[in-house]
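One file, protein_7.csv, carrying CSV, C-alpha atoms:
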```csv
chain,number,residue,atom,x,y,z
P,1,MET,CA,32.6,26.3,1.8
P,2,TYR,CA,34.1,22.9,2.4
P,3,PHE,CA,36.0,22.7,-0.9
P,4,HIS,CA,39.0,24.8,-1.6
P,5,THR,CA,38.5,25.3,-5.3
P,6,LEU,CA,35.6,25.1,-7.7
P,7,HIS,CA,37.5,22.2,-9.4
P,8,ASP,CA,37.4,20.2,-6.2
P,9,PHE,CA,33.8,21.0,-5.8
P,10,PHE,CA,33.0,19.5,-9.2
P,11,LEU,CA,35.2,16.4,-8.9
P,12,MET,CA,34.3,15.7,-5.2
P,13,ASN,CA,37.3,13.6,-4.7
P,14,GLY,CA,36.3,11.1,-7.4
P,15,HIS,CA,32.6,10.9,-6.3
P,16,GLY,CA,31.6,13.9,-8.5
P,17,PHE,CA,30.0,11.7,-11.2
P,18,TYR,CA,27.7,9.9,-8.7
P,19,VAL,CA,26.8,12.9,-6.7
P,20,TRP,CA,26.0,15.2,-9.6
P,21,SER,CA,24.2,12.5,-11.5
P,22,ALA,CA,22.0,11.8,-8.5
P,23,TYR,CA,21.2,15.5,-8.1
P,24,GLY,CA,20.7,16.1,-11.8
P,25,ILE,CA,18.3,13.2,-12.4
P,26,SER,CA,16.3,14.2,-9.2
P,27,PHE,CA,16.1,17.8,-10.3
P,28,VAL,CA,14.9,16.9,-13.8
P,29,THR,CA,12.3,14.5,-12.4
P,30,LEU,CA,11.0,17.1,-10.0
P,31,LEU,CA,10.9,19.8,-12.6
P,32,ALA,CA,8.8,17.6,-14.8
P,33,MET,CA,6.5,16.9,-11.9
P,34,VAL,CA,5.9,20.6,-11.4
P,35,TRP,CA,5.6,21.4,-15.1
P,36,GLN,CA,3.1,18.6,-16.0
P,37,PRO,CA,0.2,19.8,-13.7
P,38,LEU,CA,0.8,23.5,-14.6
P,39,GLN,CA,0.4,22.6,-18.3
P,40,ARG,CA,-2.6,20.5,-17.6
P,41,HIS,CA,-4.2,23.2,-15.5
P,42,ALA,CA,-3.7,25.8,-18.2
P,43,ASN,CA,-5.2,23.6,-20.9
P,44,LEU,CA,-8.3,22.7,-18.7
P,45,ARG,CA,-8.8,26.3,-17.9
P,46,LYS,CA,-8.8,27.3,-21.5
P,47,GLU,CA,-11.2,24.5,-22.4
P,48,ILE,CA,-13.6,25.5,-19.7
P,49,ALA,CA,-13.5,29.1,-20.6
P,50,GLN,CA,-14.2,28.2,-24.3
P,51,GLN,CA,-17.1,26.0,-23.2
P,52,ALA,CA,-18.6,28.8,-21.2
P,53,GLN,CA,-18.6,31.1,-24.2
P,54,GLU,CA,-20.5,28.7,-26.4
G,1,MET,CA,-16.7,21.4,14.4
G,2,LEU,CA,-14.9,18.6,12.7
G,3,LYS,CA,-17.9,17.9,10.6
G,4,THR,CA,-18.1,21.5,9.2
G,5,TRP,CA,-14.3,21.4,8.6
G,6,PHE,CA,-14.7,18.2,6.7
G,7,HIS,CA,-17.6,19.6,4.7
G,8,ARG,CA,-15.8,22.7,3.8
G,9,TRP,CA,-12.6,21.0,2.6
G,10,GLY,CA,-14.6,18.3,0.9
G,11,SER,CA,-16.3,20.9,-1.2
G,12,PRO,CA,-14.5,21.3,-4.6
G,13,PRO,CA,-15.1,25.1,-5.0
G,14,TRP,CA,-13.9,25.8,-1.5
G,15,PHE,CA,-10.8,23.6,-1.9
G,16,TYR,CA,-10.0,25.1,-5.3
G,17,ARG,CA,-10.2,28.6,-3.9
G,18,MET,CA,-8.2,27.9,-0.7
G,19,SER,CA,-5.5,25.9,-2.5
G,20,GLY,CA,-5.0,28.8,-4.8
G,21,LYS,CA,-4.3,31.0,-1.9
G,22,LEU,CA,-2.0,28.5,-0.2
G,23,LEU,CA,0.1,27.6,-3.3
G,24,PRO,CA,2.3,30.7,-3.5
G,25,TRP,CA,3.4,30.4,0.1
G,26,PHE,CA,4.3,26.7,-0.2
G,27,GLY,CA,6.0,27.5,-3.5
G,28,VAL,CA,8.2,30.2,-2.1
G,29,ALA,CA,9.0,28.1,1.0
G,30,THR,CA,9.9,25.1,-1.3
G,31,LEU,CA,12.3,27.1,-3.5
G,32,LEU,CA,14.1,28.7,-0.5
G,33,LEU,CA,14.4,25.5,1.5
G,34,LEU,CA,15.6,23.3,-1.4
G,35,LEU,CA,18.1,26.0,-2.5
G,36,ILE,CA,19.5,26.5,0.9
G,37,GLY,CA,19.5,22.8,1.7
G,38,SER,CA,21.2,21.8,-1.6
G,39,VAL,CA,24.0,24.4,-1.3
G,40,TRP,CA,24.5,23.6,2.3
G,41,GLY,CA,24.6,19.8,1.7
G,42,LEU,CA,26.7,19.9,-1.4
G,43,ALA,CA,29.2,22.7,-0.7
G,44,ILE,CA,29.3,23.5,3.0
G,45,ALA,CA,28.8,20.3,5.0
G,46,PRO,CA,32.0,18.4,5.7
G,47,GLU,CA,33.0,15.2,4.0
G,48,ASP,CA,32.1,11.8,5.6
G,49,ALA,CA,35.1,10.1,7.1
G,50,ARG,CA,34.2,6.6,5.7
G,51,GLN,CA,32.0,7.3,2.6
G,52,GLY,CA,33.7,10.5,1.3
G,53,ASN,CA,31.7,12.9,-0.7
G,54,SER,CA,29.3,10.2,-2.0
G,55,TYR,CA,27.3,10.6,1.2
G,56,ARG,CA,26.1,14.0,0.0
G,57,ILE,CA,23.4,12.0,-1.9
G,58,ILE,CA,21.7,11.6,1.5
G,59,TYR,CA,20.3,15.1,1.1
G,60,ILE,CA,18.0,13.9,-1.7
G,61,HIS,CA,17.8,10.2,-0.9
G,62,VAL,CA,16.4,10.4,2.6
G,63,PRO,CA,13.9,13.2,2.0
G,64,SER,CA,12.5,11.5,-1.1
G,65,ALA,CA,12.3,8.2,0.7
G,66,PHE,CA,10.4,9.9,3.5
G,67,LEU,CA,7.9,11.3,1.1
G,68,ALA,CA,7.6,8.1,-0.8
G,69,LEU,CA,6.3,6.6,2.5
G,70,ALA,CA,4.4,9.6,3.8
G,71,GLY,CA,2.8,9.9,0.4
G,72,TYR,CA,1.6,6.3,0.6
G,73,TYR,CA,-0.1,6.9,4.0
G,74,LEU,CA,-1.8,10.0,2.5
G,75,MET,CA,-2.9,8.1,-0.6
G,76,ALA,CA,-4.2,5.1,1.4
G,77,ILE,CA,-6.1,7.3,3.9
G,78,ALA,CA,-7.6,9.3,1.0
G,79,GLY,CA,-8.8,6.0,-0.5
G,80,CYS,CA,-10.2,4.9,2.8
G,81,ILE,CA,-12.2,8.2,3.2
G,82,GLY,CA,-13.4,7.9,-0.3
G,83,LEU,CA,-14.6,4.3,0.2
G,84,VAL,CA,-16.3,5.0,3.5
G,85,TRP,CA,-17.8,8.4,3.1
G,86,ARG,CA,-18.0,8.4,-0.7
G,87,MET,CA,-16.3,11.7,-0.8
G,88,LYS,CA,-15.2,12.5,-4.4
G,89,LEU,CA,-12.5,14.9,-3.4
G,90,ALA,CA,-10.8,12.1,-1.4
G,91,PHE,CA,-10.7,9.9,-4.6
G,92,TRP,CA,-9.2,12.8,-6.5
G,93,ALA,CA,-6.6,13.2,-3.8
G,94,LEU,CA,-5.8,9.5,-4.3
G,95,ARG,CA,-5.4,10.1,-8.0
G,96,ALA,CA,-3.3,13.2,-7.4
G,97,ALA,CA,-1.0,11.4,-4.9
G,98,ALA,CA,-0.2,8.2,-6.9
G,99,PRO,CA,2.1,9.8,-9.6
G,100,LEU,CA,3.8,11.9,-6.9
G,101,GLY,CA,4.5,8.8,-4.8
G,102,ALA,CA,5.9,7.0,-7.8
G,103,ALA,CA,8.2,9.9,-8.6
G,104,MET,CA,9.5,10.1,-5.0
G,105,THR,CA,10.1,6.4,-4.9
G,106,PHE,CA,11.8,6.6,-8.3
G,107,ILE,CA,14.1,9.3,-7.0
G,108,ALA,CA,14.9,7.4,-3.8
G,109,LEU,CA,15.8,4.3,-5.8
G,110,ILE,CA,17.9,6.1,-8.4
G,111,THR,CA,19.8,8.2,-5.9
G,112,GLY,CA,20.3,5.0,-3.9
G,113,ALA,CA,21.8,3.3,-7.0
G,114,PHE,CA,24.2,6.2,-7.5
G,115,TRP,CA,25.1,6.1,-3.8
G,116,GLY,CA,25.5,2.3,-3.8
G,117,LYS,CA,28.0,2.1,-6.6
G,118,PRO,CA,30.8,4.0,-4.9
G,119,THR,CA,29.9,2.8,-1.4
G,120,TRP,CA,29.0,-0.9,-1.9
G,121,GLY,CA,30.5,-1.4,-5.4
G,122,THR,CA,27.2,-2.2,-7.0
G,123,TRP,CA,24.3,-0.2,-8.5
G,124,TRP,CA,21.7,-2.7,-7.4
G,125,GLU,CA,21.3,-5.5,-4.9
G,126,TRP,CA,18.3,-7.5,-4.0
G,127,ASP,CA,18.6,-6.2,-0.4
G,128,ALA,CA,15.4,-6.2,1.7
G,129,ARG,CA,15.1,-2.4,1.9
G,130,ILE,CA,15.7,-1.9,-1.8
G,131,THR,CA,13.3,-4.7,-2.8
G,132,SER,CA,10.5,-3.5,-0.6
G,133,MET,CA,11.0,0.0,-2.0
G,134,LEU,CA,10.8,-1.4,-5.6
G,135,ILE,CA,7.5,-3.1,-4.5
G,136,LEU,CA,6.3,0.3,-3.3
G,137,PHE,CA,7.1,1.8,-6.7
G,138,PHE,CA,5.0,-0.9,-8.5
G,139,LEU,CA,2.2,-0.4,-6.0
G,140,TYR,CA,2.0,3.3,-7.0
G,141,LEU,CA,2.1,2.4,-10.7
G,142,GLY,CA,-0.6,-0.2,-10.0
G,143,VAL,CA,-2.9,2.4,-8.3
G,144,MET,CA,-2.4,4.7,-11.3
G,145,ALA,CA,-3.2,2.0,-13.8
G,146,LEU,CA,-6.3,0.7,-11.9
G,147,ALA,CA,-7.7,4.2,-11.4
G,148,ASN,CA,-7.8,4.6,-15.2
G,149,ALA,CA,-8.6,1.0,-16.1
G,150,TYR,CA,-12.4,1.3,-15.9
G,151,GLN,CA,-14.9,3.0,-18.3
G,152,ASN,CA,-16.8,4.0,-15.2
G,153,THR,CA,-14.6,6.4,-13.1
G,154,ASP,CA,-16.4,5.4,-9.8
G,155,ASN,CA,-15.3,1.8,-10.3
G,156,GLY,CA,-11.7,2.9,-11.1
G,157,ASN,CA,-11.6,5.0,-7.9
G,158,ARG,CA,-12.9,2.2,-5.8
G,159,ALA,CA,-10.5,-0.4,-7.2
G,160,ALA,CA,-7.5,1.9,-6.9
G,161,SER,CA,-8.5,2.6,-3.3
G,162,VAL,CA,-8.7,-1.0,-2.4
G,163,LEU,CA,-5.3,-1.7,-3.9
G,164,ALA,CA,-3.9,1.3,-2.0
G,165,LEU,CA,-5.3,-0.1,1.3
G,166,VAL,CA,-4.1,-3.6,0.6
G,167,GLY,CA,-0.6,-2.3,-0.2
G,168,THR,CA,-0.2,-0.7,3.2
G,169,VAL,CA,1.1,-4.1,4.4
G,170,ASN,CA,4.3,-3.2,2.6
G,171,ILE,CA,4.9,-0.1,4.7
G,172,PRO,CA,6.0,-1.7,8.0
G,173,ILE,CA,8.1,-4.1,6.0
G,174,ILE,CA,10.0,-1.2,4.5
G,175,TYR,CA,10.6,0.3,7.9
G,176,MET,CA,11.7,-2.9,9.6
G,177,SER,CA,13.6,-4.3,6.6
G,178,VAL,CA,17.0,-2.9,7.8
G,179,LYS,CA,16.4,-4.5,11.2
G,180,TRP,CA,14.8,-7.8,10.3
G,181,TRP,CA,17.2,-8.7,7.6
G,182,ASN,CA,20.7,-7.5,8.3
G,183,THR,CA,21.6,-7.0,4.7
G,184,LEU,CA,23.5,-4.3,2.7
G,185,HIS,CA,21.4,-1.2,3.4
G,186,GLN,CA,22.6,0.8,6.4
G,187,GLY,CA,20.3,1.3,9.4
G,188,ALA,CA,18.2,4.4,10.0
G,189,THR,CA,20.2,7.6,10.4
G,190,LEU,CA,17.4,9.6,12.1
G,191,LYS,CA,15.8,8.0,15.1
G,192,LEU,CA,12.9,9.2,17.2
G,193,THR,CA,13.8,7.4,20.4
G,194,SER,CA,17.6,7.9,20.5
G,195,ALA,CA,20.3,10.2,19.3
G,196,SER,CA,20.9,10.2,15.5
G,197,THR,CA,24.0,8.5,14.1
G,198,ILE,CA,25.1,11.6,12.2
G,199,ASP,CA,27.1,14.7,13.1
G,200,PRO,CA,25.1,17.9,13.6
G,201,SER,CA,27.0,19.7,10.8
G,202,MET,CA,25.7,17.0,8.4
G,203,LEU,CA,22.2,16.7,10.1
G,204,GLN,CA,21.2,20.4,9.9
G,205,PRO,CA,21.1,20.6,6.1
G,206,LEU,CA,19.3,17.2,6.1
G,207,TRP,CA,16.4,18.7,8.1
G,208,VAL,CA,16.3,21.7,5.8
G,209,MET,CA,16.0,19.3,2.8
G,210,ILE,CA,13.3,17.1,4.5
G,211,VAL,CA,11.1,20.1,5.3
G,212,GLY,CA,11.8,21.4,1.8
G,213,PHE,CA,10.6,18.1,0.3
G,214,TYR,CA,7.5,18.2,2.4
G,215,CYS,CA,6.7,21.7,1.1
G,216,LEU,CA,7.4,20.5,-2.4
G,217,TYR,CA,5.1,17.6,-2.0
G,218,ALA,CA,2.3,19.9,-0.7
G,219,VAL,CA,2.8,22.1,-3.8
G,220,LEU,CA,2.7,19.1,-6.2
G,221,LEU,CA,-0.3,17.5,-4.5
G,222,LEU,CA,-2.3,20.8,-4.6
G,223,LEU,CA,-1.4,21.4,-8.3
G,224,ASN,CA,-2.5,17.8,-9.2
G,225,LEU,CA,-5.6,18.0,-7.1
G,226,ARG,CA,-6.6,21.3,-8.7
G,227,CYS,CA,-6.3,19.6,-12.1
G,228,GLU,CA,-8.5,16.8,-11.0
G,229,ILE,CA,-11.1,19.3,-9.8
G,230,LEU,CA,-11.1,21.1,-13.1
G,231,SER,CA,-11.2,17.9,-15.1
G,232,ASN,CA,-14.1,16.3,-13.1
G,233,GLU,CA,-16.1,19.5,-12.5
G,234,ARG,CA,-15.7,21.0,-15.9
G,235,ASN,CA,-19.4,21.2,-16.5
G,236,SER,CA,-20.4,22.7,-13.2
G,237,ARG,CA,-21.7,26.1,-12.9
G,238,TRP,CA,-19.2,27.5,-10.5
G,239,LEU,CA,-16.3,26.7,-12.8
G,240,THR,CA,-17.8,28.1,-16.0
G,241,ASP,CA,-18.7,31.2,-14.0
G,242,LEU,CA,-15.3,31.5,-12.5
G,243,PHE,CA,-13.4,31.3,-15.8
G,244,SER,CA,-15.9,33.0,-18.1
G,245,THR,CA,-15.9,36.2,-16.0
G,246,SER,CA,-12.2,36.2,-15.7
G,247,THR,CA,-11.5,35.7,-19.4
G,248,SER,CA,-14.1,38.1,-20.6
G,249,GLY,CA,-12.7,40.6,-18.1
G,250,ASP,CA,-9.2,40.1,-19.7
G,251,LYS,CA,-10.6,40.8,-23.2
G,252,GLN,CA,-12.7,43.8,-22.5
```

Transcribe the structure of this file into structure tokens.
Amino acid sequence: MYFHTLHDFFLMNGHGFYVWSAYGISFVTLLAMVWQPLQRHANLRKEIAQQAQE
Amino acid sequence: MLKTWFHRWGSPPWFYRMSGKLLPWFGVATLLLLLIGSVWGLAIAPEDARQGNSYRIIYIHVPSAFLALAGYYLMAIAGCIGLVWRMKLAFWALRAAAPLGAAMTFIALITGAFWGKPTWGTWWEWDARITSMLILFFLYLGVMALANAYQNTDNGNRAASVLALVGTVNIPIIYMSVKWWNTLHQGATLKLTSASTIDPSMLQPLWVMIVGFYCLYAVLLLLNLRCEILSNERNSRWLTDLFSTSTSGDKQ
């Protein structure tokens, strides 16, 4: 671990806001990119299964 | 040999089945690499002598920018294959790749802004590299919009492919922008032909993140492409067979 305390880790010597914002926004964007096709796939699958039963 | 390979992977049922087998492996690799890379880059790698801790943004900025460019090649090549051989799976790959490229470019731009503020004192600058990346973002959005702009899907696919191919002129501009115009953005950190301008203790986690982002891209591309297959082939026999047997099996 490069930082001595957890407090230092969060503050990052004054750059904490920039570093954590960049990581946070990227994480949320990527999570949405994973969630969206999973949801779409589940819906399409349901639709096709229903269609097959008719 | 190449022809049978092409035929197999060009067949939607085969691709759907194989991608389903590949996905868990890529998924696990992605999670592990991104977790290790982020912890390493955020907490273990040393501080940069000149830029301080803000440089830690490199661990997302560079991998996402790599994928923004690599994703464009993939999308343009898919469009080219679709146009030349009229392969529908290639057009679906183009449709699957466009939003991913837009997301990767968005991440590269936004992390760049958060890196620029403490380093250059500004969130945004009309620097050659940044501007050409913004154009790349709009190209991705343009391909997405064109693909859905026509009543006839074939026309949409063809128009989007042509735009993707025309837009490749922007790619060498992005690469060379830091050399041709000596503006704000720093030069390349990783070089193929000479030693990298970064200490190994900072470089190692960067490679982990780059490989992790490639795996993540593979996961996202396969997920999107599988959706395109379901959406376009929803009336075909193989799909109704596949899902009706599996759902009736669940119920009985």

(request) With a distance cut-off of 12 Å and all atoms listed in the file, select the neighbouring residues of Arg86 of chain G, excluding the residue or stretch itself and same-chain residues fewer than 2 positions from it, and output the selection as an MDAnalysis selection string. (result) chainID G and resid 10 78:84 88:92 154:155 157:158 161

(request) Work out how far atom CA of Tyr72 of chain G is from atom CA of Ala42 of chain P, in Å to one decimal. (result)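 Atom CA of Tyr72 of chain G lies 27.6 Å from atom CA of Ala42 of chain P.
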
(request) Quick one: pull the distance between atom CA of Ile229 of chain G and atom CA of Met18 of chain G, Å, one decimal. (result) 12.9 Å

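The spacing separating atom CA of Met202 of chain G from atom CA of Leu11 of chain P amounts to 19.7 Å.
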
(message) With all atoms listed in the file considered, list every residue of chain P at most 9 Å from chain G, as a PyMOL selection string.
(response) chain P and resi 1-3+9+12-23+25-26+29-30+33-34+36-38+40-41+44-53

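Proximity of G:Tyr73, G:Phe6, G:Phe15, G:Phe137 to Met87 of chain G, computed with all atoms listed in the file, is greatest for G:Phe6.
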
(message) I'd like the contact shell of Asn148 of chain G - 9 Å cut-off, all atoms listed in the file, skipping same-chain residues fewer than 5 positions apart - returned as a ChimeraX atom specification.
(response) /G:143,153,156-157,160
